>>> print(open('start_14.pdb').read())   # PDB, C-alpha atoms, pLDDT in the B column
ATOM      1  CA  MET A   1     129.210 105.756 130.765  1.00 47.00           C
ATOM      2  CA  SER A   2     126.946 103.309 128.948  1.00 58.00           C
ATOM      3  CA  GLU A   3     125.625 100.051 130.332  1.00 65.00           C
ATOM      4  CA  PRO A   4     127.488  96.934 129.215  1.00 65.00           C
ATOM      5  CA  LEU A   5     126.062  95.132 126.215  1.00 76.00           C
ATOM      6  CA  THR A   6     124.517  91.771 127.099  1.00 77.00           C
ATOM      7  CA  ALA A   7     122.443  90.841 124.023  1.00 92.00           C
ATOM      8  CA  ARG A   8     122.814  90.110 120.312  1.00 96.00           C
ATOM      9  CA  LEU A   9     121.627  93.019 118.140  1.00 97.00           C
ATOM     10  CA  LEU A  10     121.143  93.818 114.478  1.00 98.00           C
ATOM     11  CA  VAL A  11     121.310  97.497 113.502  1.00 98.00           C
ATOM     12  CA  LEU A  12     119.840  98.234 110.078  1.00 98.00           C
ATOM     13  CA  GLY A  13     119.691 101.450 108.103  1.00 96.00           C
ATOM     14  CA  GLY A  14     120.374 103.071 104.780  1.00 92.00           C
ATOM     15  CA  ALA A  15     123.664 104.512 103.622  1.00 88.00           C
ATOM     16  CA  ARG A  16     124.907 107.268 105.923  1.00 87.00           C
ATOM     17  CA  SER A  17     121.992 106.731 108.317  1.00 92.00           C
ATOM     18  CA  GLY A  18     124.175 106.781 111.438  1.00 94.00           C
ATOM     19  CA  LYS A  19     123.900 103.036 112.025  1.00 95.00           C
ATOM     20  CA  SER A  20     127.627 102.480 112.698  1.00 93.00           C
ATOM     21  CA  THR A  21     127.819 105.334 115.194  1.00 92.00           C
ATOM     22  CA  PHE A  22     124.618 104.099 116.869  1.00 95.00           C
ATOM     23  CA  ALA A  23     126.059 100.570 117.097  1.00 94.00           C
ATOM     24  CA  GLU A  24     129.370 101.850 118.469  1.00 92.00           C
ATOM     25  CA  GLU A  25     127.541 103.762 121.205  1.00 92.00           C
ATOM     26  CA  ARG A  26     125.427 100.691 122.049  1.00 91.00           C
ATOM     27  CA  ALA A  27     128.574  98.550 122.256  1.00 90.00           C
ATOM     28  CA  GLY A  28     129.894 100.831 124.977  1.00 84.00           C
ATOM     29  CA  LEU A  29     132.544 103.371 124.093  1.00 76.00           C
ATOM     30  CA  ASP A  30     134.058 102.993 127.568  1.00 80.00           C
ATOM     31  CA  SER A  31     134.111  99.193 127.454  1.00 86.00           C
ATOM     32  CA  ALA A  32     136.398  96.654 125.831  1.00 93.00           C
ATOM     33  CA  VAL A  33     135.011  95.713 122.392  1.00 95.00           C
ATOM     34  CA  ASP A  34     136.196  93.423 119.624  1.00 96.00           C
ATOM     35  CA  TYR A  35     135.514  95.310 116.384  1.00 95.00           C
ATOM     36  CA  LEU A  36     135.192  92.914 113.464  1.00 96.00           C
ATOM     37  CA  ALA A  37     136.008  94.847 110.299  1.00 92.00           C
ATOM     38  CA  THR A  38     134.762  93.011 107.214  1.00 91.00           C
ATOM     39  CA  SER A  39     136.163  95.436 104.645  1.00 81.00           C
ATOM     40  CA  GLU A  40     139.084  94.904 102.356  1.00 79.00           C
ATOM     41  CA  VAL A  41     141.158  98.004 101.680  1.00 77.00           C
ATOM     42  CA  ARG A  42     142.482  98.161  98.140  1.00 78.00           C
ATOM     43  CA  ASP A  43     145.046 100.686  96.954  1.00 82.00           C
ATOM     44  CA  ASP A  44     142.985 101.465  93.825  1.00 86.00           C
ATOM     45  CA  ASP A  45     140.047 103.010  95.730  1.00 84.00           C
ATOM     46  CA  PRO A  46     141.090 106.236  97.511  1.00 87.00           C
ATOM     47  CA  GLU A  47     137.516 107.105  98.533  1.00 88.00           C
ATOM     48  CA  TRP A  48     137.089 103.734 100.299  1.00 80.00           C
ATOM     49  CA  ILE A  49     140.497 104.104 101.947  1.00 83.00           C
ATOM     50  CA  GLU A  50     139.319 107.441 103.378  1.00 88.00           C
ATOM     51  CA  ARG A  51     136.072 105.905 104.674  1.00 81.00           C
ATOM     52  CA  VAL A  52     138.013 103.146 106.435  1.00 79.00           C
ATOM     53  CA  ARG A  53     140.447 105.705 107.892  1.00 83.00           C
ATOM     54  CA  LEU A  54     137.562 107.735 109.345  1.00 83.00           C
ATOM     55  CA  HIS A  55     136.005 104.598 110.868  1.00 79.00           C
ATOM     56  CA  ARG A  56     139.334 103.664 112.454  1.00 81.00           C
ATOM     57  CA  GLU A  57     139.845 107.157 113.879  1.00 84.00           C
ATOM     58  CA  ARG A  58     136.343 107.199 115.401  1.00 82.00           C
ATOM     59  CA  ARG A  59     136.850 103.955 117.325  1.00 84.00           C
ATOM     60  CA  PRO A  60     138.235 104.120 120.856  1.00 88.00           C
ATOM     61  CA  ALA A  61     141.922 103.200 121.006  1.00 88.00           C
ATOM     62  CA  HIS A  62     141.234 100.457 123.580  1.00 92.00           C
ATOM     63  CA  TRP A  63     138.980  98.510 121.191  1.00 93.00           C
ATOM     64  CA  ALA A  64     140.577  95.509 119.464  1.00 94.00           C
ATOM     65  CA  THR A  65     140.214  95.469 115.679  1.00 92.00           C
ATOM     66  CA  ILE A  66     139.836  92.074 114.025  1.00 94.00           C
ATOM     67  CA  GLU A  67     140.021  92.039 110.231  1.00 89.00           C
ATOM     68  CA  THR A  68     138.553  88.753 109.045  1.00 91.00           C
ATOM     69  CA  LEU A  69     135.686  87.175 107.148  1.00 92.00           C
ATOM     70  CA  ASP A  70     135.430  84.412 109.783  1.00 95.00           C
ATOM     71  CA  LEU A  71     132.215  85.801 111.195  1.00 96.00           C
ATOM     72  CA  ALA A  72     131.091  82.476 112.669  1.00 97.00           C
ATOM     73  CA  GLY A  73     134.424  81.877 114.381  1.00 97.00           C
ATOM     74  CA  GLU A  74     134.351  85.264 116.070  1.00 97.00           C
ATOM     75  CA  LEU A  75     130.695  84.983 117.088  1.00 97.00           C
ATOM     76  CA  LEU A  76     131.315  81.591 118.677  1.00 97.00           C
ATOM     77  CA  ARG A  77     134.555  82.527 120.421  1.00 96.00           C
ATOM     78  CA  GLU A  78     134.179  81.953 124.160  1.00 94.00           C
ATOM     79  CA  THR A  79     134.544  85.425 125.647  1.00 94.00           C
ATOM     80  CA  GLY A  80     132.409  88.001 127.359  1.00 92.00           C
ATOM     81  CA  THR A  81     133.893  90.799 125.263  1.00 95.00           C
ATOM     82  CA  PRO A  82     131.212  92.296 123.013  1.00 95.00           C
ATOM     83  CA  LEU A  83     131.685  91.880 119.281  1.00 97.00           C
ATOM     84  CA  LEU A  84     130.754  94.718 116.918  1.00 97.00           C
ATOM     85  CA  ILE A  85     130.497  93.568 113.286  1.00 97.00           C
ATOM     86  CA  ASP A  86     130.729  96.379 110.753  1.00 94.00           C
ATOM     87  CA  CYS A  87     129.280  95.399 108.461  1.00 93.00           C
ATOM     88  CA  LEU A  88     127.226  92.473 107.141  1.00 98.00           C
ATOM     89  CA  THR A  89     126.751  94.278 103.818  1.00 96.00           C
ATOM     90  CA  VAL A  90     130.462  94.261 103.050  1.00 94.00           C
ATOM     91  CA  TRP A  91     130.792  90.727 104.488  1.00 97.00           C
ATOM     92  CA  LEU A  92     128.093  89.492 102.083  1.00 98.00           C
ATOM     93  CA  THR A  93     129.697  91.277  99.130  1.00 96.00           C
ATOM     94  CA  ARG A  94     133.017  89.607  99.871  1.00 95.00           C
ATOM     95  CA  GLN A  95     131.326  86.213 100.317  1.00 97.00           C
ATOM     96  CA  MET A  96     129.641  86.648  96.931  1.00 97.00           C
ATOM     97  CA  ASP A  97     133.049  87.507  95.445  1.00 95.00           C
ATOM     98  CA  ARG A  98     134.647  84.430  97.058  1.00 96.00           C
ATOM     99  CA  ALA A  99     131.859  82.141  95.883  1.00 97.00           C
ATOM    100  CA  GLY A 100     132.141  83.392  92.319  1.00 97.00           C
ATOM    101  CA  ILE A 101     128.561  84.641  92.064  1.00 96.00           C
ATOM    102  CA  TRP A 102     129.451  87.395  89.583  1.00 94.00           C
ATOM    103  CA  ASP A 103     131.097  84.913  87.175  1.00 93.00           C
ATOM    104  CA  ALA A 104     128.494  82.187  87.758  1.00 94.00           C
ATOM    105  CA  ARG A 105     131.324  79.869  88.814  1.00 96.00           C
ATOM    106  CA  PRO A 106     130.169  76.235  89.179  1.00 97.00           C
ATOM    107  CA  GLY A 107     128.977  75.662  92.744  1.00 97.00           C
ATOM    108  CA  CYS A 108     128.766  79.383  93.519  1.00 97.00           C
ATOM    109  CA  ASP A 109     125.185  79.268  94.810  1.00 97.00           C
ATOM    110  CA  GLU A 110     125.982  76.381  97.151  1.00 98.00           C
ATOM    111  CA  ALA A 111     129.157  78.096  98.403  1.00 98.00           C
ATOM    112  CA  LEU A 112     127.285  81.304  99.186  1.00 98.00           C
ATOM    113  CA  LYS A 113     124.452  79.429 100.873  1.00 98.00           C
ATOM    114  CA  ALA A 114     126.949  77.527 103.050  1.00 98.00           C
ATOM    115  CA  ALA A 115     128.679  80.750 104.143  1.00 98.00           C
ATOM    116  CA  VAL A 116     125.373  82.452 104.984  1.00 98.00           C
ATOM    117  CA  ASP A 117     123.993  79.372 106.764  1.00 98.00           C
ATOM    118  CA  GLU A 118     127.158  79.143 108.883  1.00 98.00           C
ATOM    119  CA  ALA A 119     126.962  82.830 109.852  1.00 98.00           C
ATOM    120  CA  VAL A 120     123.249  82.706 110.718  1.00 98.00           C
ATOM    121  CA  ALA A 121     123.735  79.548 112.802  1.00 98.00           C
ATOM    122  CA  ALA A 122     126.566  81.270 114.658  1.00 97.00           C
ATOM    123  CA  PHE A 123     124.339  84.257 115.450  1.00 96.00           C
ATOM    124  CA  ALA A 124     121.740  81.858 116.855  1.00 96.00           C
ATOM    125  CA  ARG A 125     124.303  79.981 118.996  1.00 96.00           C
ATOM    126  CA  ALA A 126     126.516  82.882 120.080  1.00 95.00           C
ATOM    127  CA  THR A 127     126.804  83.416 123.804  1.00 94.00           C
ATOM    128  CA  ARG A 128     128.913  86.554 123.582  1.00 94.00           C
ATOM    129  CA  PRO A 129     127.217  89.930 123.223  1.00 95.00           C
ATOM    130  CA  ALA A 130     127.261  91.069 119.599  1.00 96.00           C
ATOM    131  CA  ILE A 131     126.048  93.898 117.404  1.00 97.00           C
ATOM    132  CA  ALA A 132     125.901  93.509 113.639  1.00 98.00           C
ATOM    133  CA  VAL A 133     125.530  96.544 111.393  1.00 97.00           C
ATOM    134  CA  SER A 134     123.859  96.029 108.013  1.00 98.00           C
ATOM    135  CA  ASN A 135     122.392  98.081 105.201  1.00 96.00           C
ATOM    136  CA  GLU A 136     118.698  97.901 104.444  1.00 95.00           C
ATOM    137  CA  VAL A 137     118.843  97.843 100.657  1.00 90.00           C
ATOM    138  CA  GLY A 138     115.292  96.852  99.735  1.00 83.00           C
ATOM    139  CA  GLN A 139     113.466 100.154 100.118  1.00 83.00           C
ATOM    140  CA  GLY A 140     114.485 101.749  96.849  1.00 78.00           C
ATOM    141  CA  LEU A 141     113.871 101.115  93.200  1.00 80.00           C
ATOM    142  CA  VAL A 142     114.317  97.679  91.666  1.00 82.00           C
ATOM    143  CA  PRO A 143     117.891  97.652  90.316  1.00 82.00           C
ATOM    144  CA  ALA A 144     118.222  97.664  86.535  1.00 85.00           C
ATOM    145  CA  ASP A 145     120.780  94.847  86.268  1.00 90.00           C
ATOM    146  CA  ALA A 146     120.632  91.220  87.354  1.00 89.00           C
ATOM    147  CA  GLY A 147     123.785  91.395  89.516  1.00 88.00           C
ATOM    148  CA  SER A 148     122.460  94.295  91.577  1.00 90.00           C
ATOM    149  CA  ARG A 149     119.074  92.596  91.962  1.00 93.00           C
ATOM    150  CA  ARG A 150     120.822  89.430  93.128  1.00 95.00           C
ATOM    151  CA  PHE A 151     122.813  91.369  95.701  1.00 95.00           C
ATOM    152  CA  ARG A 152     119.707  93.209  96.954  1.00 95.00           C
ATOM    153  CA  ASP A 153     117.828  89.925  97.280  1.00 95.00           C
ATOM    154  CA  GLU A 154     120.691  88.144  99.079  1.00 97.00           C
ATOM    155  CA  MET A 155     121.127  91.120 101.429  1.00 97.00           C
ATOM    156  CA  GLY A 156     117.429  91.144 102.276  1.00 96.00           C
ATOM    157  CA  ILE A 157     117.458  87.397 102.965  1.00 97.00           C
ATOM    158  CA  LEU A 158     120.555  87.663 105.169  1.00 98.00           C
ATOM    159  CA  ASN A 159     119.058  90.563 107.136  1.00 98.00           C
ATOM    160  CA  MET A 160     115.795  88.650 107.681  1.00 98.00           C
ATOM    161  CA  ARG A 161     117.596  85.525 108.831  1.00 98.00           C
ATOM    162  CA  VAL A 162     119.923  87.394 111.200  1.00 98.00           C
ATOM    163  CA  ALA A 163     116.940  89.373 112.553  1.00 98.00           C
ATOM    164  CA  GLN A 164     115.286  86.080 113.502  1.00 97.00           C
ATOM    165  CA  ALA A 165     118.445  84.841 115.233  1.00 97.00           C
ATOM    166  CA  VAL A 166     119.220  87.893 117.396  1.00 97.00           C
ATOM    167  CA  ASP A 167     117.576  89.341 120.504  1.00 96.00           C
ATOM    168  CA  GLU A 168     117.019  92.895 119.265  1.00 96.00           C
ATOM    169  CA  VAL A 169     116.669  94.614 115.885  1.00 97.00           C
ATOM    170  CA  TRP A 170     117.082  98.375 115.485  1.00 97.00           C
ATOM    171  CA  PHE A 171     116.475 100.606 112.479  1.00 97.00           C
ATOM    172  CA  CYS A 172     118.526 103.779 112.220  1.00 97.00           C
ATOM    173  CA  THR A 173     117.414 106.948 110.413  1.00 95.00           C
ATOM    174  CA  ALA A 174     119.261 110.255 110.711  1.00 95.00           C
ATOM    175  CA  GLY A 175     121.319 108.780 113.547  1.00 92.00           C
ATOM    176  CA  ILE A 176     118.269 107.878 115.600  1.00 96.00           C
ATOM    177  CA  GLY A 177     117.680 104.219 116.358  1.00 96.00           C
ATOM    178  CA  ALA A 178     114.159 102.801 116.640  1.00 97.00           C
ATOM    179  CA  ARG A 179     113.730  99.355 118.099  1.00 97.00           C
ATOM    180  CA  LEU A 180     111.831  96.944 115.840  1.00 97.00           C
ATOM    181  CA  LYS A 181     112.269  93.764 117.903  1.00 96.00           C
TER     182      LYS A 181
END
>>> encode(input="start_14.pdb", output="C-alpha cells")
Amino acid sequence: MSEPLTARLLVLGGARSGKSTFAEERAGLDSAVDYLATSEVRDDDPEWIERVRLHRERRPAHWATIETLDLAGELLRETGTPLLIDCLTVWLTRQMDRAGIWDARPGCDEALKAAVDEAVAAFARATRPAIAVSNEVGQGLVPADAGSRRFRDEMGILNMRVAQAVDEVWFCTAGIGARLK
C-alpha cells in the first residue's frame, strides 16, 4: 500500500516513457483518486481509441474518471481527494484547437494565453493533492513546420510554468522516475 499523496507534482517524460504508470502509482492505487482525462475520443481514430481503452482498463475501478477541459475548476475544487491529470499535452492541444491557433483565428493568441494563465494560477493555488502528467517535447529535433514548432514551444512554456507552481517535478525514463525538484 502506498502512502497518500499530499503534494502537487508534475511528471514529465517522452512518449511511452512510463510517466502515466509512474503517476498512477504515486497517486496511490489503493486510494480514492479523481482521474482527469483530457482526451477526446473520436470515432475516426481507432489507434487512439485503443490507447484510451488501455488507460481505462489499467485504472483501479474505484477511481473516479472526470472527462473535462476545466483543469482550473478541478484543481481548485475543495476536496482532499487527489487529482491525477493525464495529460497536460493533450489538454494544451485541445486548448490550441479551441482558441483557433491552427487557423490563426482573430484573438487566438489571447485565448490560449488566458487558458494557460488560468491553469497555471490554479496549480499555484490548489490545496488538493494533484499530479499532472506531461510530455517533454523539447529534446528532439526542431520541427520542420511552423505549427509543430508552435506546439513544441507552447508545451515547453506550459511545462516550465507548471513546474514553478508545483511542489515536486519528476522526469520519467524507461518507467523510472527521477526527482528534479
>>> resolve_selection(input="start_14.pdb", expression="the PyMOL selection byres ((chain A and resi 88) around 7)", output="PyMOL selection string")
chain A and resi 86-87+89-92+132-134
>>> residues_near_point(input="start_14.pdb", point="(124.5, 107.1, 104.2)", cutoff="12 Å", atoms="only C-alpha atoms", output="PDB file with C-alpha atoms, in the coordinates of the input")
ATOM      1  CA  LEU A  12     119.840  98.234 110.078  1.00 98.00           C
ATOM      2  CA  GLY A  13     119.691 101.450 108.103  1.00 96.00           C
ATOM      3  CA  GLY A  14     120.374 103.071 104.780  1.00 92.00           C
ATOM      4  CA  ALA A  15     123.664 104.512 103.622  1.00 88.00           C
ATOM      5  CA  ARG A  16     124.907 107.268 105.923  1.00 87.00           C
ATOM      6  CA  SER A  17     121.992 106.731 108.317  1.00 92.00           C
ATOM      7  CA  GLY A  18     124.175 106.781 111.438  1.00 94.00           C
ATOM      8  CA  LYS A  19     123.900 103.036 112.025  1.00 95.00           C
ATOM      9  CA  SER A  20     127.627 102.480 112.698  1.00 93.00           C
ATOM     10  CA  THR A  21     127.819 105.334 115.194  1.00 92.00           C
ATOM     11  CA  ARG A  51     136.072 105.905 104.674  1.00 81.00           C
ATOM     12  CA  SER A 134     123.859  96.029 108.013  1.00 98.00           C
ATOM     13  CA  ASN A 135     122.392  98.081 105.201  1.00 96.00           C
ATOM     14  CA  GLU A 136     118.698  97.901 104.444  1.00 95.00           C
ATOM     15  CA  VAL A 137     118.843  97.843 100.657  1.00 90.00           C
ATOM     16  CA  CYS A 172     118.526 103.779 112.220  1.00 97.00           C
ATOM     17  CA  THR A 173     117.414 106.948 110.413  1.00 95.00           C
ATOM     18  CA  ALA A 174     119.261 110.255 110.711  1.00 95.00           C
ATOM     19  CA  GLY A 175     121.319 108.780 113.547  1.00 92.00           C
TER      20      GLY A 175
END
>>> resolve_selection(input="start_14.pdb", expression="the PyMOL selection byres ((chain A and resi 39) around 12)", output="ChimeraX atom specification")
/A:35-38,40-42,48-49,51-53,55-56,65-69,85-95
>>> closest_residue(input="start_14.pdb", among="A:Met160, A:Ala115, A:Ala165, A:Leu54", to="A:Gly73", atoms="only C-alpha atoms")
A:Ala115
>>> atom_distance(input="start_14.pdb", atom1="atom CA of A:Arg149", atom2="atom CA of A:Val116")
17.7 Å
>>> closest_residue(input="start_14.pdb", among="A:Asp117, A:Asp145, A:Asp34, A:Asp153", to="A:Leu75", atoms="all atoms listed in the file")
A:Asp34
>>> atom_distance(input="start_14.pdb", atom1="atom CA of A:Gly147", atom2="atom CA of A:Ile101")
8.7 Å
>>> resolve_selection(input="start_14.pdb", expression="the PyMOL selection byres ((chain A and resi 76) around 12)", output="ChimeraX atom specification")
/A:70-75,77-83,118-130
>>> atom_distance(input="start_14.pdb", atom1="atom CA of A:Leu5", atom2="atom CA of A:Arg179")
15.4 Å
>>> residues_around(input="start_14.pdb", residues="A:Arg150", least_positions_apart="6", cutoff="12 Å", atoms="all atoms listed in the file", output="PyMOL selection string")
chain A and resi 92-93+96+101-102+104+109+137-138+142-144+156-157
>>> decode(input="start_14.pdb", residues="stretch 68-80 of chain A", atoms="C-alpha atoms", output="JSON list (two decimals), in the first residue's frame")
[["chain", "number", "residue", "atom", "x", "y", "z"],
["A", 68, "THR", "CA", -13.30, 17.72, -18.90],
["A", 69, "LEU", "CA", -11.03, 20.53, -20.05],
["A", 70, "ASP", "CA", -11.88, 22.53, -16.90],
["A", 71, "LEU", "CA", -8.48, 21.95, -15.38],
["A", 72, "ALA", "CA", -8.64, 25.02, -13.13],
["A", 73, "GLY", "CA", -12.07, 24.10, -11.80],
["A", 74, "GLU", "CA", -10.95, 20.62, -10.83],
["A", 75, "LEU", "CA", -7.67, 21.81, -9.30],
["A", 76, "LEU", "CA", -9.50, 24.35, -7.16],
["A", 77, "ARG", "CA", -12.32, 22.05, -6.08],
["A", 78, "GLU", "CA", -12.38, 21.83, -2.29],
["A", 79, "THR", "CA", -11.63, 18.17, -1.59],
["A", 80, "GLY", "CA", -8.85, 16.09, -0.16]]
